[in-house]
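Okay, final11.cif is below, mmCIF, C-alpha atoms and all ligand atoms:
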data_query
#
loop_
_atom_site.label_atom_id
_atom_site.label_comp_id
_atom_site.auth_asym_id
_atom_site.auth_seq_id
_atom_site.Cartn_x
_atom_site.Cartn_y
_atom_site.Cartn_z
CA MET A 30 32.24 18.88 -65.49
CA LYS A 31 28.76 17.41 -64.98
CA VAL A 32 28.35 14.68 -62.37
CA LEU A 33 25.46 12.41 -61.43
CA ILE A 34 25.61 10.86 -57.96
CA THR A 35 23.14 8.18 -56.92
CA GLY A 36 22.48 7.61 -53.23
CA ALA A 37 22.97 11.38 -52.90
CA THR A 38 21.11 11.57 -49.58
CA GLY A 39 23.09 8.73 -47.99
CA MET A 40 26.03 8.95 -45.59
CA LEU A 41 28.68 8.85 -48.32
CA GLY A 42 26.52 10.32 -51.09
CA CYS A 43 26.12 13.64 -49.24
CA ASP A 44 29.88 14.07 -48.90
CA LEU A 45 30.44 13.04 -52.52
CA CYS A 46 27.96 15.73 -53.64
CA LYS A 47 29.75 18.32 -51.52
CA GLU A 48 33.23 17.33 -52.76
CA PHE A 49 32.34 17.13 -56.47
CA SER A 50 30.34 20.41 -56.27
CA ARG A 51 33.65 22.21 -55.76
CA ALA A 52 34.66 21.28 -59.30
CA GLY A 53 31.45 20.83 -61.25
CA ASP A 54 27.70 20.76 -61.51
CA VAL A 55 26.31 17.89 -59.45
CA ALA A 56 22.91 16.26 -59.83
CA GLY A 57 21.90 13.86 -57.08
CA LEU A 58 19.55 10.90 -57.31
CA ALA A 59 17.67 9.06 -54.54
CA ARG A 60 14.16 7.74 -54.01
CA GLY A 61 13.37 10.54 -51.57
CA ASN A 62 12.97 8.39 -48.45
CA ARG A 63 15.44 10.44 -46.43
CA GLU A 64 15.95 13.97 -45.33
CA ALA A 65 17.93 15.81 -48.00
CA LYS A 66 18.78 18.97 -46.06
CA GLN A 67 22.52 18.23 -46.00
CA CYS A 68 22.73 17.29 -49.68
CA ARG A 69 24.67 19.93 -51.66
CA ALA A 70 23.71 18.73 -55.16
CA SER A 71 22.45 21.57 -57.38
CA GLN A 72 19.42 19.40 -58.18
CA LEU A 73 18.06 16.31 -56.47
CA LEU A 74 16.13 13.90 -58.66
CA ALA A 75 13.67 11.42 -57.19
CA ALA A 76 14.10 8.11 -58.99
CA ASP A 77 14.50 4.44 -58.20
CA ILE A 78 17.75 2.98 -59.44
CA THR A 79 15.97 -0.29 -60.21
CA ASP A 80 13.91 1.54 -62.87
CA ARG A 81 16.24 0.85 -65.81
CA ASP A 82 14.45 3.07 -68.34
CA GLY A 83 14.03 5.89 -65.82
CA VAL A 84 17.75 5.89 -64.98
CA ALA A 85 18.68 5.77 -68.70
CA ARG A 86 16.37 8.73 -69.44
CA ILE A 87 17.91 10.81 -66.65
CA VAL A 88 21.45 10.09 -67.84
CA ARG A 89 20.58 10.85 -71.50
CA LYS A 90 19.13 14.19 -70.46
CA LEU A 91 21.93 15.20 -68.09
CA LYS A 92 24.83 14.00 -70.28
CA PRO A 93 27.17 13.67 -67.27
CA ASP A 94 30.95 13.28 -67.56
CA VAL A 95 31.01 11.16 -64.39
CA VAL A 96 28.35 8.89 -62.86
CA ILE A 97 28.93 7.67 -59.28
CA ASN A 98 26.77 4.88 -57.92
CA SER A 99 26.63 5.25 -54.15
CA ALA A 100 23.03 4.01 -53.88
CA ALA A 101 22.69 0.72 -52.06
CA LEU A 102 20.72 -1.32 -49.64
CA SER A 103 23.48 -1.04 -47.06
CA ASP A 104 21.84 -2.70 -44.05
CA VAL A 105 23.72 -6.00 -43.96
CA ASN A 106 21.20 -7.84 -41.76
CA PHE A 107 18.22 -6.57 -43.77
CA CYS A 108 19.89 -7.82 -46.97
CA GLU A 109 20.35 -11.27 -45.42
CA LEU A 110 16.62 -11.49 -44.77
CA ASN A 111 15.62 -9.87 -48.08
CA PRO A 112 17.97 -11.30 -50.74
CA GLU A 113 15.74 -10.44 -53.71
CA GLU A 114 15.54 -6.79 -52.76
CA ALA A 115 19.29 -6.73 -52.03
CA PHE A 116 20.17 -8.07 -55.50
CA LYS A 117 17.61 -5.83 -57.19
CA ILE A 118 19.10 -2.65 -55.71
CA ASN A 119 22.76 -3.55 -55.21
CA ALA A 120 23.35 -5.59 -58.35
CA GLU A 121 20.65 -4.71 -60.92
CA GLY A 122 20.53 -1.08 -59.82
CA ALA A 123 24.29 -0.79 -60.26
CA LYS A 124 24.02 -2.42 -63.70
CA ASN A 125 21.37 0.12 -64.73
CA ALA A 126 23.55 3.04 -63.66
CA ALA A 127 26.67 1.51 -65.25
CA ASP A 128 25.00 0.84 -68.60
CA ALA A 129 23.53 4.35 -68.73
CA ALA A 130 26.94 5.85 -67.93
CA GLU A 131 28.60 3.73 -70.62
CA GLU A 132 26.04 4.82 -73.22
CA ALA A 133 26.75 8.46 -72.29
CA GLY A 134 30.53 7.92 -72.52
CA ALA A 135 30.89 8.88 -68.85
CA LEU A 136 33.38 7.61 -66.31
CA PHE A 137 31.48 5.19 -64.03
CA ILE A 138 32.39 4.88 -60.36
CA GLN A 139 30.89 2.03 -58.35
CA ILE A 140 31.14 2.19 -54.55
CA SER A 141 31.89 -1.29 -53.24
CA THR A 142 32.81 -2.89 -49.95
CA ASP A 143 35.29 -4.91 -47.90
CA TYR A 144 32.40 -7.36 -47.34
CA VAL A 145 33.16 -8.99 -50.72
CA PHE A 146 35.89 -10.86 -48.78
CA ASP A 147 35.50 -13.73 -46.31
CA GLY A 148 38.05 -12.23 -43.90
CA ASP A 149 40.12 -15.41 -43.59
CA LYS A 150 43.29 -14.18 -45.35
CA GLY A 151 44.89 -13.04 -42.09
CA SER A 152 46.19 -9.74 -43.51
CA ALA A 153 44.91 -6.76 -45.50
CA TYR A 154 43.28 -7.51 -48.87
CA THR A 155 44.69 -6.09 -52.10
CA GLU A 156 42.75 -5.46 -55.31
CA GLU A 157 44.17 -8.74 -56.68
CA ASP A 158 42.74 -10.94 -53.93
CA LYS A 159 39.86 -13.22 -54.81
CA PRO A 160 36.56 -12.20 -53.21
CA ASN A 161 34.44 -14.76 -51.39
CA PRO A 162 31.51 -13.05 -49.66
CA VAL A 163 29.93 -14.59 -46.57
CA SER A 164 26.69 -12.57 -46.70
CA VAL A 165 23.90 -11.72 -49.15
CA TYR A 166 25.00 -8.08 -48.97
CA GLY A 167 28.55 -9.06 -49.96
CA ASP A 168 27.24 -11.33 -52.73
CA SER A 169 25.01 -8.62 -54.17
CA LYS A 170 27.79 -6.01 -54.10
CA LEU A 171 30.23 -8.45 -55.73
CA ALA A 172 27.74 -9.13 -58.53
CA ALA A 173 27.84 -5.39 -59.29
CA ASP A 174 31.66 -5.30 -59.23
CA ASP A 175 31.85 -8.27 -61.59
CA TYR A 176 29.39 -6.71 -64.02
CA VAL A 177 31.27 -3.40 -64.10
CA ARG A 178 34.65 -5.08 -64.63
CA SER A 179 33.39 -7.13 -67.56
CA ASN A 180 31.16 -4.62 -69.33
CA ILE A 181 32.23 -1.04 -68.69
CA GLY A 182 35.05 0.79 -70.48
CA LYS A 183 36.08 3.62 -68.19
CA TYR A 184 35.41 2.82 -64.56
CA ALA A 185 36.59 2.63 -60.98
CA ILE A 186 35.30 0.15 -58.42
CA ILE A 187 36.06 1.65 -55.06
CA ARG A 188 36.14 -0.72 -52.10
CA SER A 189 35.80 0.91 -48.71
CA SER A 190 34.69 -0.03 -45.22
CA TRP A 191 33.20 0.83 -41.80
CA MET A 192 32.11 4.35 -42.73
CA PHE A 193 31.33 7.22 -40.41
CA GLY A 194 30.42 10.75 -41.37
CA PRO A 195 28.07 13.65 -40.74
CA CYS A 196 25.23 12.53 -43.02
CA GLY A 197 24.18 9.15 -41.71
CA LYS A 198 23.55 6.95 -38.73
CA ASN A 199 26.83 5.32 -37.78
CA PHE A 200 28.67 3.43 -35.06
CA VAL A 201 30.60 6.49 -33.84
CA ASP A 202 27.41 8.46 -33.17
CA PHE A 203 25.86 5.41 -31.51
CA VAL A 204 28.79 5.13 -29.08
CA VAL A 205 28.84 8.88 -28.32
CA GLU A 206 25.09 8.99 -27.65
CA SER A 207 25.10 5.79 -25.55
CA ALA A 208 28.08 7.00 -23.49
CA LYS A 209 26.44 10.38 -22.90
CA ARG A 210 23.33 8.61 -21.57
CA GLY A 211 25.52 6.48 -19.31
CA ASP A 212 24.49 3.26 -21.05
CA SER A 213 26.97 0.40 -21.17
CA ILE A 214 28.12 -0.42 -24.69
CA ARG A 215 28.50 -3.94 -26.07
CA ALA A 216 30.73 -4.08 -29.14
CA VAL A 217 32.18 -7.00 -31.12
CA GLY A 218 35.84 -7.56 -30.26
CA GLU A 219 36.70 -10.33 -32.73
CA LYS A 220 36.14 -8.69 -36.16
CA TYR A 221 38.57 -6.16 -37.59
CA GLY A 222 38.31 -3.53 -40.31
CA ASN A 223 39.34 0.00 -41.32
CA PRO A 224 37.09 2.76 -39.99
CA THR A 225 36.73 5.32 -42.80
CA TYR A 226 35.65 8.96 -42.67
CA THR A 227 33.29 9.76 -45.53
CA VAL A 228 34.81 13.26 -45.89
CA ASP A 229 38.28 11.75 -46.54
CA LEU A 230 36.82 9.07 -48.81
CA ALA A 231 34.87 11.60 -50.91
CA LYS A 232 38.01 13.68 -51.37
CA ALA A 233 39.97 10.61 -52.50
CA VAL A 234 37.19 9.53 -54.87
CA TYR A 235 37.28 12.99 -56.44
CA GLY A 236 41.09 12.86 -56.76
CA LEU A 237 41.03 9.41 -58.33
CA SER A 238 38.24 10.34 -60.76
CA ALA A 239 40.33 13.28 -61.98
CA LYS A 240 43.37 11.01 -62.52
CA ILE A 241 41.33 8.46 -64.49
CA ARG A 242 39.69 11.15 -66.63
CA GLU A 243 43.13 12.59 -67.41
CA ASN A 244 44.41 9.06 -68.23
CA LYS A 245 46.92 9.34 -65.40
CA ALA A 246 45.47 6.26 -63.65
CA PRO A 247 43.89 3.17 -65.22
CA SER A 248 40.34 1.90 -64.82
CA GLY A 249 40.08 -0.85 -62.23
CA ILE A 250 39.44 -1.73 -58.60
CA TYR A 251 40.81 0.61 -55.94
CA ASN A 252 40.72 0.09 -52.19
CA ILE A 253 40.19 3.39 -50.34
CA THR A 254 40.04 3.52 -46.54
CA ASN A 255 41.63 5.53 -43.79
CA GLU A 256 44.83 3.91 -42.48
CA GLY A 257 44.67 1.64 -39.40
CA ALA A 258 42.49 -1.32 -38.45
CA CYS A 259 40.69 -2.15 -35.21
CA SER A 260 37.72 -4.01 -33.78
CA ARG A 261 34.46 -2.23 -32.95
CA TYR A 262 35.25 -2.83 -29.27
CA GLU A 263 38.60 -1.03 -29.64
CA LEU A 264 36.93 1.71 -31.66
CA ALA A 265 34.25 2.23 -29.02
CA LYS A 266 36.94 2.65 -26.35
CA GLU A 267 38.78 5.20 -28.49
CA ILE A 268 35.57 7.14 -29.18
CA ALA A 269 34.65 7.33 -25.49
CA GLY A 270 38.22 8.38 -24.67
CA LEU A 271 38.19 11.15 -27.28
CA CYS A 272 34.88 12.45 -25.92
CA GLY A 273 36.17 12.31 -22.35
CA LEU A 274 33.22 10.08 -21.44
CA LYS A 275 33.47 7.28 -18.91
CA ALA A 276 31.46 4.40 -20.27
CA GLU A 277 31.36 0.70 -19.57
CA ILE A 278 32.44 -0.94 -22.82
CA ILE A 279 32.07 -4.70 -23.06
CA SER A 280 33.74 -6.88 -25.68
CA ILE A 281 31.31 -9.43 -27.11
CA THR A 282 31.49 -12.12 -29.78
CA ALA A 283 29.69 -11.83 -33.12
CA LYS A 284 27.42 -14.64 -31.96
CA GLU A 285 26.48 -12.66 -28.87
CA ALA A 286 25.82 -9.60 -31.04
CA GLY A 287 23.31 -11.69 -32.97
CA GLY A 288 21.80 -10.79 -36.34
CA PRO A 289 21.33 -13.07 -39.33
CA ALA A 290 24.34 -11.97 -41.42
CA LEU A 291 27.89 -13.27 -41.05
CA ARG A 292 30.71 -10.72 -41.26
CA PRO A 293 34.37 -11.23 -42.22
CA LYS A 294 36.85 -11.68 -39.38
CA LEU A 295 39.56 -9.37 -40.77
CA SER A 296 38.48 -7.34 -43.80
CA ALA A 297 41.13 -4.62 -43.68
CA LEU A 298 42.06 -3.29 -47.13
CA ASP A 299 45.53 -2.49 -48.47
CA ASN A 300 45.62 1.05 -49.90
CA THR A 301 48.97 0.91 -51.71
CA LYS A 302 47.45 1.13 -55.20
CA VAL A 303 45.32 4.22 -54.56
CA SER A 304 48.10 5.94 -52.59
CA LYS A 305 50.34 5.64 -55.66
CA ALA A 306 47.59 6.92 -57.97
CA LEU A 307 46.73 9.88 -55.72
CA GLY A 308 50.26 10.69 -54.61
CA TYR A 309 49.22 10.65 -50.95
CA LYS A 310 48.11 8.25 -48.22
CA LEU A 311 44.81 8.80 -46.44
CA ARG A 312 45.39 9.75 -42.81
CA HIS A 313 45.01 7.31 -39.90
CA TYR A 314 41.41 6.77 -38.84
CA ARG A 315 42.23 8.09 -35.34
CA GLU A 316 43.06 11.53 -36.70
CA ALA A 317 39.88 11.56 -38.78
CA LEU A 318 37.84 10.34 -35.82
CA GLU A 319 39.14 13.15 -33.65
CA GLU A 320 38.19 15.72 -36.28
CA TYR A 321 34.73 14.19 -36.69
CA ILE A 322 34.07 14.13 -32.96
CA LYS A 323 35.27 17.74 -32.52
CA ALA A 324 33.06 18.85 -35.43
CA GLY A 325 30.16 16.96 -33.84
CA LYS A 326 30.56 18.94 -30.64
CA ARG A 327 30.28 22.16 -32.65
CA ARG A 328 27.23 20.95 -34.63
N1 LIG B 401 28.23 2.37 -44.58
C1 LIG B 401 29.32 1.63 -44.63
O1 LIG B 401 29.98 1.37 -43.60
C2 LIG B 401 29.81 1.10 -45.96
C3 LIG B 401 30.96 0.29 -45.98
C4 LIG B 401 31.45 -0.17 -47.22
C5 LIG B 401 30.80 0.17 -48.39
N2 LIG B 401 29.65 0.92 -48.34
C6 LIG B 401 29.00 1.27 -49.61
O2 LIG B 401 29.04 2.69 -49.73
C7 LIG B 401 27.89 3.16 -50.44
C8 LIG B 401 27.23 4.24 -49.63
O3 LIG B 401 26.82 3.69 -48.37
P1 LIG B 401 26.06 4.59 -47.31
O4 LIG B 401 26.40 4.06 -45.97
O5 LIG B 401 26.27 6.03 -47.64
O6 LIG B 401 24.55 4.19 -47.62
P2 LIG B 401 23.25 4.82 -47.00
O7 LIG B 401 23.56 5.88 -46.01
O8 LIG B 401 22.39 3.66 -46.59
O9 LIG B 401 22.57 5.55 -48.26
C9 LIG B 401 22.05 4.83 -49.33
C10 LIG B 401 21.54 5.82 -50.37
O10 LIG B 401 21.03 5.07 -51.46
C11 LIG B 401 19.70 5.52 -51.77
N3 LIG B 401 18.95 4.38 -52.30
C12 LIG B 401 18.71 3.19 -51.68
N4 LIG B 401 17.97 2.42 -52.48
C13 LIG B 401 17.74 3.13 -53.61
C14 LIG B 401 17.02 2.86 -54.81
N5 LIG B 401 16.37 1.71 -55.01
N6 LIG B 401 16.98 3.81 -55.77
C15 LIG B 401 17.61 4.99 -55.59
N7 LIG B 401 18.31 5.31 -54.48
C16 LIG B 401 18.36 4.38 -53.50
C17 LIG B 401 19.16 6.05 -50.43
O11 LIG B 401 18.13 6.99 -50.54
P3 LIG B 401 16.56 6.59 -50.60
O12 LIG B 401 16.33 5.56 -49.54
O13 LIG B 401 15.81 7.86 -50.43
O14 LIG B 401 16.39 6.05 -51.97
C18 LIG B 401 20.41 6.74 -49.89
O15 LIG B 401 20.55 8.01 -50.50
C19 LIG B 401 27.05 1.92 -50.69
O16 LIG B 401 27.31 1.46 -51.99
C20 LIG B 401 27.53 0.90 -49.67
O17 LIG B 401 27.33 -0.41 -50.15
C21 LIG B 401 29.15 1.41 -47.15
#
structure tokens encoding of this file:
Amino acid sequence: MKVLITGATGMLGCDLCKEFSRAGDVAGLARGNREAKQCRASQLLAADITDRDGVARIVRKLKPDVVINSAALSDVNFCELNPEEAFKINAEGAKNAADAAEEAGALFIQISTDYVFDGDKGSAYTEEDKPNPVSVYGDSKLAADDYVRSNIGKYAIIRSSWMFGPCGKNFVDFVVESAKRGDSIRAVGEKYGNPTYTVDLAKAVYGLSAKIRENKAPSGIYNITNEGACSRYELAKEIAGLCGLKAEIISITAKEAGGPALRPKLSALDNTKVSKALGYKLRHYREALEEYIKAGKRR
């Protein structure tokens, strides 16, 4: 199996490269702005996903069986201030990758987000719920989802959330480092989501891709997160507890946190559909968090 993974040097992309390398030959794609030391792709191609012809040429040459688009402008506040760039990368870039995959007859996997929802439902979102983004980031990611649904034959749109993992800057590392320094930590207590370990997510993406390729699961949208929802304030307290660090953790409002982008109040995702397709439920985020923190201590 040949696989092309965009965003290969990103937090999720690195773990996707590692997971898919177990079963096939993985080529990674990124612009080359980040350190690529941890990326396990057999080759790493420097290309901009917004270069439609460039992406098409790469895909024609590689002839992959699976294309995964994990490239994105993922800084939610930056997107809010730079909508053109956000749409160019998150929507047009995704379209370029999707069209190239379709031409090659490959399965296309688009990595999407809980931020396509407004967070007002009051319970976890299923794949059937109607998105209504409250940020430019969410809008730009939804534009990609809509394009893929309407134009691509064999695909999965994978919605996930609040990622942490070994290959990128994330909230867990921020809390650990701040607590070690003895800094007090201010974290939003009024927005809830599912923290998700990129290692678990990559494994589930691999499992789902195999099912779709074998026609044992249909194309479509799939939510994939670790089980359990919390606020960042609650998460910060759990992280400090797991590290055995005494830190002052203060619950703040989103308004106090500042930043131009709005975020959904409760954007937890319901994983029933993917659990049925995979034949297992992802573990609770607490278990994953503990493993990540222990591994961090050994790193
Ligand atoms: N992080 C989260 O909590 C979260 C939550 C829900 C969904 N997601 C989604 O999950 C996916 C992965 O997120 P992540 O956190 O792993 O992102 P990330 O760490 O910010 O990595 C983004 C990757 O995309 C590449 N990239 C960005 N712009 C590009 C361009 N124009 N052309 C080619 N490559 C480009 C980056 O490398 P270069 O800069 O070198 O190009 C990098 O490899 C994204 O689709 C994101 O929307 C993330």
Practice item. Give me the residues within 9 Å of Gly57 in chain A as a ChimeraX atom specification, counting all atoms listed in the file and dropping any in the same chain fewer than 3 places off. Key: /A:32-38,42-43,46,68-75
Practice item. Go through the chains and note each residue within 6 Å of ligand LIG 401 (chain B), using all atoms listed in the file, then give the set as a PyMOL selection string. Key: chain A and resi 36-42+59-63+76-79+99-103+118+140-142+189-192+197
Practice item. May I have the protein, DNA and RNA residues with an atom at most 6 Å from (39.5, 4.3, -55.5), counting only C-alpha atoms in the file's coordinates, returned as a list of chain:residue names? Key: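 Protein and nucleic acid residues near the point are A:Ile187, A:Val234, A:Tyr251, A:Asn252, A:Ile253, A:Val303.
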Check your understanding: Near Ala306 in chain A, within 9 Å and counting only C-alpha atoms, which residues show up once chain neighbours fewer than 6 positions away are dropped, as a list in words?
Key ->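 Listing them by chain and then by number gives Gly236, Leu237, Lys240, Lys245, Ala246 and Pro247 of chain A.
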Practice item. Considering only C-alpha atoms, return as a ChimeraX atom specification whatever protein or nucleic-acid residues lie within 8 Å of range 203-206 of chain A, sequence-local ones (same chain, fewer than 2 positions apart) excluded. Key: /A:198-201,208-210,214,265,268-269,272
Review point. Near range 144-146 of chain A, counting all atoms listed in the file, which residues have an atom at most 8 Å away, once you skip same-chain residues fewer than 3 positions from it, shown as a VMD selection string?
Key: chain A and resid 159 to 164 166 to 168 170 to 171 190 292 to 293 296
**Study point:** Neighbours of point (49.8, 10.6, -47.5) within 12 Å, using all atoms listed in the file, written as an NGL selection string
**Key:** :A and (229 or 233 or 255-256 or 300-301 or 303-313)
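Taking CA of Lys302 in chain A and CA of Thr225 in chain A as the two end points, the separation is 16.9 Å.
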Revision key, fill the gap. Between CA of Val105 in chain A and CA of Asn180 in chain A lies a distance of 26.5 Å
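Interatomic distance, CA of Glu64 in chain A to CA of Gly325 in chain A: 18.5 Å.
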Exercise for review: Please identify all polymer residues within 10 Å of Pro289 in chain A, counting all atoms listed in the file, omitting same-chain residues fewer than 6 positions from it, and present them as a list of chain:residue names.
Suggested key: A:Val105, A:Asn106, A:Phe107, A:Cys108, A:Glu109, A:Leu110, A:Ser164
**Study point:** Top pick for closest residue to Asp104 in chain A, considering A:Leu271, A:Val165, A:Ala258, A:Ile250 and counting all atoms listed in the file
**Key:**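 Among the listed residues, A:Val165 lies closest to Asp104 in chain A.
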Practice item. Go through A:Lys183, A:Lys275, A:Lys92, A:Lys323 and flag the residue nearest Leu136 in chain A, using all atoms listed in the file for the distances. Key: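 Of A:Lys183, A:Lys275, A:Lys92, A:Lys323, the one nearest Leu136 in chain A is A:Lys183, counting all atoms listed in the file.
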